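Here's entry_26.pdb, which has PDB, C-alpha atoms and all ligand atoms:
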MODEL        1
ATOM      1  CA  MET N   9     -30.832  -6.095   2.716
ATOM      2  CA  ALA N  10     -30.917  -6.623   6.516
ATOM      3  CA  GLY N  11     -27.680  -5.649   8.264
ATOM      4  CA  ALA N  12     -26.392  -3.826   5.184
ATOM      5  CA  VAL N  13     -24.582  -0.480   5.093
ATOM      6  CA  PRO N  14     -27.201   2.263   5.640
ATOM      7  CA  PRO N  15     -27.525   5.057   3.012
ATOM      8  CA  ASN N  16     -25.227   8.115   3.197
ATOM      9  CA  GLN N  17     -22.433   6.068   4.715
ATOM     10  CA  GLY N  18     -20.322   5.322   1.651
ATOM     11  CA  TYR N  19     -16.861   6.658   0.797
ATOM     12  CA  THR N  20     -16.263   9.792  -1.244
ATOM     13  CA  THR N  21     -15.189   9.469  -4.875
ATOM     14  CA  THR N  22     -11.684  10.700  -3.891
ATOM     15  CA  SER N  23     -11.334   8.034  -1.176
ATOM     16  CA  ARG N  24     -12.446   5.264  -3.509
ATOM     17  CA  TRP N  25     -10.101   6.243  -6.353
ATOM     18  CA  LEU N  26      -7.194   6.721  -3.939
ATOM     19  CA  HIS N  27      -7.902   3.250  -2.538
ATOM     20  CA  TRP N  28      -7.854   1.475  -5.908
ATOM     21  CA  LEU N  29      -4.883   3.426  -7.243
ATOM     22  CA  THR N  30      -2.921   2.494  -4.109
ATOM     23  CA  ALA N  31      -4.000  -1.151  -4.453
ATOM     24  CA  LEU N  32      -2.913  -1.233  -8.102
ATOM     25  CA  VAL N  33       0.538   0.241  -7.531
ATOM     26  CA  VAL N  34       1.226  -1.804  -4.370
ATOM     27  CA  ILE N  35       0.203  -5.040  -6.104
ATOM     28  CA  SER N  36       2.575  -4.265  -8.995
ATOM     29  CA  THR N  37       5.444  -3.094  -6.759
ATOM     30  CA  ILE N  38       5.713  -6.313  -4.712
ATOM     31  CA  PRO N  39       6.368  -8.760  -7.603
ATOM     32  CA  VAL N  40       8.607  -6.230  -9.369
ATOM     33  CA  GLY N  41      10.652  -5.926  -6.127
ATOM     34  CA  ALA N  42      10.967  -9.701  -5.909
ATOM     35  CA  VAL N  43      11.870 -10.209  -9.595
ATOM     36  CA  MET N  44      14.414  -7.367  -9.903
ATOM     37  CA  THR N  45      16.582  -8.908  -7.163
ATOM     38  CA  THR N  46      16.848 -12.299  -8.910
ATOM     39  CA  ASP N  47      19.902 -13.450 -10.894
ATOM     40  CA  GLY N  48      19.921 -13.959 -14.631
ATOM     41  CA  LEU N  49      18.059 -10.816 -15.759
ATOM     42  CA  SER N  50      19.538  -8.691 -18.535
ATOM     43  CA  ARG N  51      21.152  -5.462 -17.283
ATOM     44  CA  GLU N  52      18.550  -3.348 -19.136
ATOM     45  CA  LEU N  53      15.571  -5.222 -17.701
ATOM     46  CA  GLN N  54      16.991  -5.152 -14.177
ATOM     47  CA  ASN N  55      17.647  -1.386 -14.395
ATOM     48  CA  ALA N  56      14.140  -0.722 -15.733
ATOM     49  CA  LEU N  57      12.567  -2.777 -12.933
ATOM     50  CA  TYR N  58      14.636  -0.975 -10.272
ATOM     51  CA  ILE N  59      13.688   2.430 -11.704
ATOM     52  CA  TYR N  60       9.993   1.443 -11.749
ATOM     53  CA  HIS N  61      10.129  -0.001  -8.231
ATOM     54  CA  LYS N  62      11.953   2.883  -6.554
ATOM     55  CA  ASN N  63       9.862   5.628  -8.116
ATOM     56  CA  ILE N  64       6.503   3.884  -7.769
ATOM     57  CA  GLY N  65       7.480   3.190  -4.143
ATOM     58  CA  ILE N  66       7.799   6.950  -3.605
ATOM     59  CA  LEU N  67       4.412   7.441  -5.312
ATOM     60  CA  ILE N  68       2.950   4.944  -2.812
ATOM     61  CA  LEU N  69       4.236   7.071   0.063
ATOM     62  CA  LEU N  70       2.516  10.134  -1.456
ATOM     63  CA  LEU N  71      -0.722   8.177  -1.975
ATOM     64  CA  VAL N  72      -0.653   6.958   1.634
ATOM     65  CA  ALA N  73      -0.087  10.549   2.832
ATOM     66  CA  ALA N  74      -3.045  11.736   0.702
ATOM     67  CA  ARG N  75      -5.228   8.945   2.082
ATOM     68  CA  LEU N  76      -4.286   9.837   5.644
ATOM     69  CA  VAL N  77      -5.237  13.488   4.987
ATOM     70  CA  VAL N  78      -8.606  12.406   3.523
ATOM     71  CA  ARG N  79      -9.127  10.015   6.415
ATOM     72  CA  ALA N  80      -8.327  12.723   8.989
ATOM     73  CA  THR N  81     -10.649  15.263   7.402
ATOM     74  CA  THR N  82     -13.663  13.031   6.680
ATOM     75  CA  THR N  83     -15.614  10.567   8.790
ATOM     76  CA  ALA N  84     -14.682   6.954   8.060
ATOM     77  CA  ALA N  85     -17.689   4.968   6.863
ATOM     78  CA  PRO N  86     -18.794   2.675   9.726
ATOM     79  CA  LEU N  87     -19.173  -1.078   9.236
ATOM     80  CA  PRO N  88     -22.692  -2.583   9.428
ATOM     81  CA  ALA N  89     -23.911  -2.993  13.023
ATOM     82  CA  SER N  90     -24.741  -6.650  12.219
ATOM     83  CA  LEU N  91     -21.027  -7.466  11.896
ATOM     84  CA  PRO N  92     -19.603  -9.304  14.960
ATOM     85  CA  ARG N  93     -17.590  -7.034  17.248
ATOM     86  CA  TRP N  94     -14.362  -9.046  16.696
ATOM     87  CA  GLN N  95     -14.636  -8.586  12.948
ATOM     88  CA  ARG N  96     -15.051  -4.829  13.340
ATOM     89  CA  SER N  97     -11.979  -4.727  15.631
ATOM     90  CA  ALA N  98     -10.008  -6.934  13.211
ATOM     91  CA  ALA N  99     -10.917  -4.587  10.339
ATOM     92  CA  ALA N 100      -9.775  -1.512  12.288
ATOM     93  CA  VAL N 101      -6.465  -3.137  13.322
ATOM     94  CA  SER N 102      -5.734  -4.440   9.832
ATOM     95  CA  HIS N 103      -6.423  -1.044   8.217
ATOM     96  CA  VAL N 104      -3.999   0.667  10.630
ATOM     97  CA  MET N 105      -1.430  -2.096   9.986
ATOM     98  CA  LEU N 106      -1.720  -1.649   6.207
ATOM     99  CA  TYR N 107      -0.997   2.082   6.544
ATOM    100  CA  ILE N 108       1.951   1.428   8.905
ATOM    101  CA  LEU N 109       3.432  -1.314   6.706
ATOM    102  CA  LEU N 110       3.198   0.733   3.509
ATOM    103  CA  ILE N 111       5.003   3.598   5.267
ATOM    104  CA  VAL N 112       7.646   1.211   6.680
ATOM    105  CA  MET N 113       8.204  -0.328   3.225
ATOM    106  CA  ALA N 114       8.470   3.024   1.440
ATOM    107  CA  VAL N 115      10.710   4.651   4.075
ATOM    108  CA  SER N 116      13.013   1.609   4.419
ATOM    109  CA  GLY N 117      13.278   1.418   0.611
ATOM    110  CA  TYR N 118      14.176   5.114   0.466
ATOM    111  CA  VAL N 119      16.811   4.752   3.220
ATOM    112  CA  ARG N 120      18.268   1.599   1.646
ATOM    113  CA  VAL N 121      18.752   3.369  -1.689
ATOM    114  CA  VAL N 122      19.958   6.791  -0.481
ATOM    115  CA  ALA N 123      22.231   5.433   2.289
ATOM    116  CA  GLY N 124      23.583   2.954  -0.268
ATOM    117  CA  GLY N 125      24.543   5.844  -2.586
ATOM    118  CA  PHE N 126      22.068   5.043  -5.386
ATOM    119  CA  PRO N 127      19.749   7.436  -7.252
ATOM    120  CA  ILE N 128      15.974   7.876  -6.983
ATOM    121  CA  GLU N 129      15.387   9.351 -10.411
ATOM    122  CA  THR N 130      12.222  11.420  -9.832
ATOM    123  CA  LEU N 131      13.437  12.919  -6.548
ATOM    124  CA  ASN N 132      16.860  13.679  -8.053
ATOM    125  CA  ALA N 133      15.172  15.328 -11.055
ATOM    126  CA  ILE N 134      13.263  17.753  -8.837
ATOM    127  CA  GLY N 135      16.421  18.477  -6.842
ATOM    128  CA  MET N 136      15.209  17.002  -3.562
ATOM    129  CA  PRO N 137      18.078  16.837  -1.032
ATOM    130  CA  PHE N 138      19.063  13.462   0.448
ATOM    131  CA  LEU N 139      17.369  13.013   3.816
ATOM    132  CA  VAL N 140      19.781  10.359   5.130
ATOM    133  CA  PRO N 141      23.590  10.192   5.038
ATOM    134  CA  ARG N 142      25.581   7.743   2.919
ATOM    135  CA  SER N 143      26.217   4.730   5.180
ATOM    136  CA  ASP N 144      26.652   1.063   4.323
ATOM    137  CA  ALA N 145      25.535  -0.027   7.816
ATOM    138  CA  LEU N 146      22.330   2.053   7.566
ATOM    139  CA  ALA N 147      21.672   0.749   4.041
ATOM    140  CA  GLU N 148      22.098  -2.826   5.261
ATOM    141  CA  THR N 149      19.702  -2.346   8.201
ATOM    142  CA  ALA N 150      17.116  -0.691   5.925
ATOM    143  CA  GLN N 151      17.480  -3.543   3.435
ATOM    144  CA  TRP N 152      16.764  -6.060   6.218
ATOM    145  CA  VAL N 153      13.685  -4.098   7.353
ATOM    146  CA  HIS N 154      12.445  -3.801   3.744
ATOM    147  CA  SER N 155      12.944  -7.479   3.026
ATOM    148  CA  THR N 156      11.385  -8.669   6.316
ATOM    149  CA  ALA N 157       8.386  -6.298   6.471
ATOM    150  CA  ARG N 158       7.242  -7.412   3.010
ATOM    151  CA  PHE N 159       6.103 -10.760   4.453
ATOM    152  CA  VAL N 160       3.979  -9.025   7.089
ATOM    153  CA  LEU N 161       2.587  -6.669   4.413
ATOM    154  CA  ILE N 162       1.701  -9.579   2.133
ATOM    155  CA  ALA N 163      -0.062 -11.357   5.048
ATOM    156  CA  PHE N 164      -2.191  -8.268   5.809
ATOM    157  CA  ILE N 165      -2.972  -7.717   2.109
ATOM    158  CA  LEU N 166      -4.221 -11.325   1.860
ATOM    159  CA  LEU N 167      -6.339 -10.854   4.987
ATOM    160  CA  HIS N 168      -7.744  -7.589   3.610
ATOM    161  CA  VAL N 169      -8.565  -9.073   0.196
ATOM    162  CA  GLY N 170     -10.121 -12.154   1.826
ATOM    163  CA  ALA N 171     -12.357 -10.007   4.040
ATOM    164  CA  ALA N 172     -13.347  -7.783   1.082
ATOM    165  CA  LEU N 173     -14.302 -10.834  -0.998
ATOM    166  CA  GLN N 174     -16.296 -12.254   1.893
ATOM    167  CA  HIS N 175     -18.283  -8.983   2.085
ATOM    168  CA  GLY N 176     -18.692  -8.761  -1.700
ATOM    169  CA  LEU N 177     -19.528 -12.387  -2.513
ATOM    170  CA  ILE N 178     -20.939 -13.985   0.641
ATOM    171  CA  ARG N 179     -22.406 -11.351   2.978
ATOM    172  CA  LYS N 180     -23.352  -8.938   0.135
ATOM    173  CA  ASP N 181     -23.785  -6.236   2.797
ATOM    174  CA  GLY N 182     -22.645  -3.233   0.717
ATOM    175  CA  VAL N 183     -19.182  -2.986   2.333
ATOM    176  CA  PHE N 184     -17.395  -3.986  -0.892
ATOM    177  CA  SER N 185     -19.542  -1.925  -3.246
ATOM    178  CA  ARG N 186     -19.230   1.272  -1.189
ATOM    179  CA  MET N 187     -15.453   1.176  -1.977
ATOM    180  CA  TRP N 188     -15.929   0.305  -5.668
ATOM    181  CA  PRO N 189     -14.734   3.346  -7.679
ATOM    182  CA  LEU N 190     -17.399   3.303 -10.398
ATOM    183  CA  LYS N 191     -20.306   3.498  -7.985
ATOM    184  CA  ARG N 192     -21.783   6.921  -7.217
ATOM    185  CA  PRO N 193     -21.645   7.867  -3.520
ATOM    186  CA  GLN N 194     -24.968   7.285  -1.787
TER     187      GLN N 194
HETATM  188  C1  LIG E 201       5.136   0.339  -0.269
HETATM  189  C2  LIG E 201       6.145   0.406  -1.088
HETATM  190  C3  LIG E 201       7.068  -0.728  -1.383
HETATM  191  C4  LIG E 201       6.850  -2.088  -1.438
HETATM  192  C5  LIG E 201       5.545  -2.823  -1.192
HETATM  193  C6  LIG E 201       8.125  -2.716  -1.772
HETATM  194  C7  LIG E 201       8.335  -4.079  -1.908
HETATM  195  C8  LIG E 201       9.561  -4.665  -2.150
HETATM  196  C9  LIG E 201       9.804  -6.087  -2.233
HETATM  197  C10 LIG E 201       8.755  -7.170  -2.077
HETATM  198  C11 LIG E 201      11.136  -6.270  -2.480
HETATM  199  C12 LIG E 201      11.889  -7.601  -2.608
HETATM  200  C13 LIG E 201      12.631  -7.794  -1.305
HETATM  201  C14 LIG E 201      13.626  -8.921  -1.365
HETATM  202  O1  LIG E 201      13.644  -9.655  -2.341
HETATM  203  O2  LIG E 201      14.371  -9.052  -0.380
HETATM  204  C15 LIG E 201      11.742  -4.972  -2.561
HETATM  205  C16 LIG E 201      13.105  -4.749  -2.794
HETATM  206  C17 LIG E 201      13.661  -3.486  -2.959
HETATM  207  N1  LIG E 201      13.018  -2.262  -2.845
HETATM  208 FE1  LIG E 201      11.061  -2.002  -2.374
HETATM  209  N2  LIG E 201       9.072  -1.719  -1.920
HETATM  210  C18 LIG E 201       8.466  -0.514  -1.700
HETATM  211  C19 LIG E 201       9.044   0.741  -1.755
HETATM  212  C20 LIG E 201      10.362   0.981  -2.124
HETATM  213  C21 LIG E 201      10.957   2.295  -2.256
HETATM  214  C22 LIG E 201      10.248   3.617  -1.999
HETATM  215  C23 LIG E 201      12.245   2.104  -2.630
HETATM  216  C24 LIG E 201      13.317   3.123  -2.917
HETATM  217  C25 LIG E 201      13.097   4.353  -3.229
HETATM  218  C26 LIG E 201      12.471   0.685  -2.727
HETATM  219  C27 LIG E 201      13.677   0.089  -3.070
HETATM  220  C28 LIG E 201      13.929  -1.264  -3.088
HETATM  221  C29 LIG E 201      15.229  -1.861  -3.352
HETATM  222  C30 LIG E 201      16.518  -1.117  -3.675
HETATM  223  C31 LIG E 201      15.061  -3.239  -3.257
HETATM  224  C32 LIG E 201      16.143  -4.305  -3.412
HETATM  225  C33 LIG E 201      16.644  -4.542  -1.998
HETATM  226  C34 LIG E 201      17.985  -5.173  -2.052
HETATM  227  O3  LIG E 201      18.024  -6.403  -2.111
HETATM  228  O4  LIG E 201      18.933  -4.426  -2.021
HETATM  229  N3  LIG E 201      11.319   0.027  -2.412
HETATM  230  N4  LIG E 201      10.775  -4.021  -2.360
ENDMDL
END

What is this file in structure tokens?
Amino acid sequence: MAGAVPPNQGYTTTSRWLHWLTALVVISTIPVGAVMTTDGLSRELQNALYIYHKNIGILILLLVAARLVVRATTTAAPLPASLPRWQRSAAAVSHVMLYILLIVMAVSGYVRVVAGGFPIETLNAIGMPFLVPRSDALAETAQWVHSTARFVLIAFILLHVGAALQHGLIRKDGVFSRMWPLKRPQ
């Protein structure tokens, strides 16, 4: 197809699986975060949701770190030359913003919990020391950052999904399929 991604410019299998695993856990973490803070849940359900959210949030930080290592050690697949310049710039900015926002969400969540004096079960189990001091003021600031940044994250996720669907369903230029995990690299 004219203007499509040329051969040998797809993502590696590792990049594609890391992408979809991150997408899956982020998409589950956001609604769980919103629901667990609502009134009227049973104590058991609320505890289970908090445990899921905190520990999956830490997993997200590890996945983002792994993706940054892969990104730094491999060449990012270029977008088709037929794509308008502004769309290529928008894609680059939104990808950087998604990385930044996921880090901000995970770090602010960590600080909110540890400064607030609460456990993070997996990190406690492996004996990881607390990286921030116990402080109500710090916990409150981190909570504000966490709660505010989620709106920006959701906006960028919607933009990202919209652009991906446009490539996959309308332009059909190979940009969506080169990230699909079940496709062999070209
Ligand atoms: C990228 C990862 C993360 C995303 C997308 C995310 C998303 C969210 C969202 C949408 C909420 C609801 C906010 C509200 O209702 O005000 C929330 C709340 C919360 N999150 Fe996260 N979160 C992430 C990582 C973490 C991590 C790593 C921790 C802790 C280890 C954490 C701990 C919490 C806590 C304790 C709350 C309740 C805040 C409160 O009202 O005290 N989150 N999160």

Counting all atoms listed in the file, note down every residue that has an atom within 7 Å of the point (9.6, -0.9, -1.4) (file coordinates), as a PDB file with C-alpha atoms, keeping the file's coordinate frame.
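Listing of point00.pdb after writing:
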ATOM      1  CA  GLY N  41      10.652  -5.926  -6.127  1.00  0.00           C
ATOM      2  CA  HIS N  61      10.129  -0.001  -8.231  1.00  0.00           C
ATOM      3  CA  LYS N  62      11.953   2.883  -6.554  1.00  0.00           C
ATOM      4  CA  GLY N  65       7.480   3.190  -4.143  1.00  0.00           C
ATOM      5  CA  MET N 113       8.204  -0.328   3.225  1.00  0.00           C
ATOM      6  CA  ALA N 114       8.470   3.024   1.440  1.00  0.00           C
ATOM      7  CA  GLY N 117      13.278   1.418   0.611  1.00  0.00           C
ATOM      8  CA  HIS N 154      12.445  -3.801   3.744  1.00  0.00           C
TER       9      HIS N 154
END

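The neighbours of Ile66 of chain N here are the residues that come within 9 Å of it, using only C-alpha atoms and leaving out any residue fewer than 6 positions away in the same chain; they are N:Ala114, N:Val115, N:Gly117, N:Tyr118, N:Ile128, N:Thr130, N:Leu131.
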
Could you write out as a PyMOL selection string the residues that the PyMOL selection byres (((chain N and resi 68-85) around 10) and not hetatm) matches in the shown file? chain N and resi 13-14+16-20+22-24+26-27+29-31+33-34+37+62-67+86-88+106-108+110-115+183+186-187

For atom CA of Leu57 of chain N and atom CA of Met44 of chain N, determine how far apart the two atoms are, in Å to one decimal place. 5.8 Å

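Atom O4 of ligand LIG 201 (chain E) is positioned 11.3 Å from atom CA of Ala123 of chain N.
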
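Using only C-alpha atoms and all ligand atoms, the nearest neighbour of ligand LIG 201 (chain E) within the list N:Gly125, N:Gly170, N:Pro39, N:Pro92 is N:Pro39.
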
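With atom CA of Gln54 of chain N on one side and atom C27 of ligand LIG 201 (chain E) on the other, the separation reads 12.7 Å.
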
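Between Ile162 of chain N and the residues N:Ser102, N:Val119, N:Ser90, N:Thr21, the shortest atom-to-atom distance, using only C-alpha atoms, involves N:Ser102.
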
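Near Ala99 of chain N, within 10 Å and counting only C-alpha atoms, sit Leu87, Arg93, Trp94, Gln95, Arg96, Ser102, His103, Val104, Met105, Leu167, His168 and Ala171 of chain N, not including residues fewer than 3 positions from it in the same chain.
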
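Nearest residue to Glu148 of chain N among N:Ala42, N:Val121, N:Ala172, N:Met136 is N:Val121, counting only C-alpha atoms.
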
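Closest approach to Ala89 of chain N among N:Leu32, N:Pro189, N:Leu173, N:Asp181: N:Asp181, based on all atoms listed in the file.
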
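Of the residues under consideration (N:Leu109, N:Leu166, N:Leu190, N:Ala98), N:Leu109 shows the shortest atom-to-atom contact distance to ligand LIG 201 (chain E) when counting all atoms listed in the file.
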
The PyMOL selection byres (((chain N and resi 124) around 10) and not hetatm) applied to the shown file, residues as a PyMOL selection string: chain N and resi 118-123+125-127+140-148+150-151
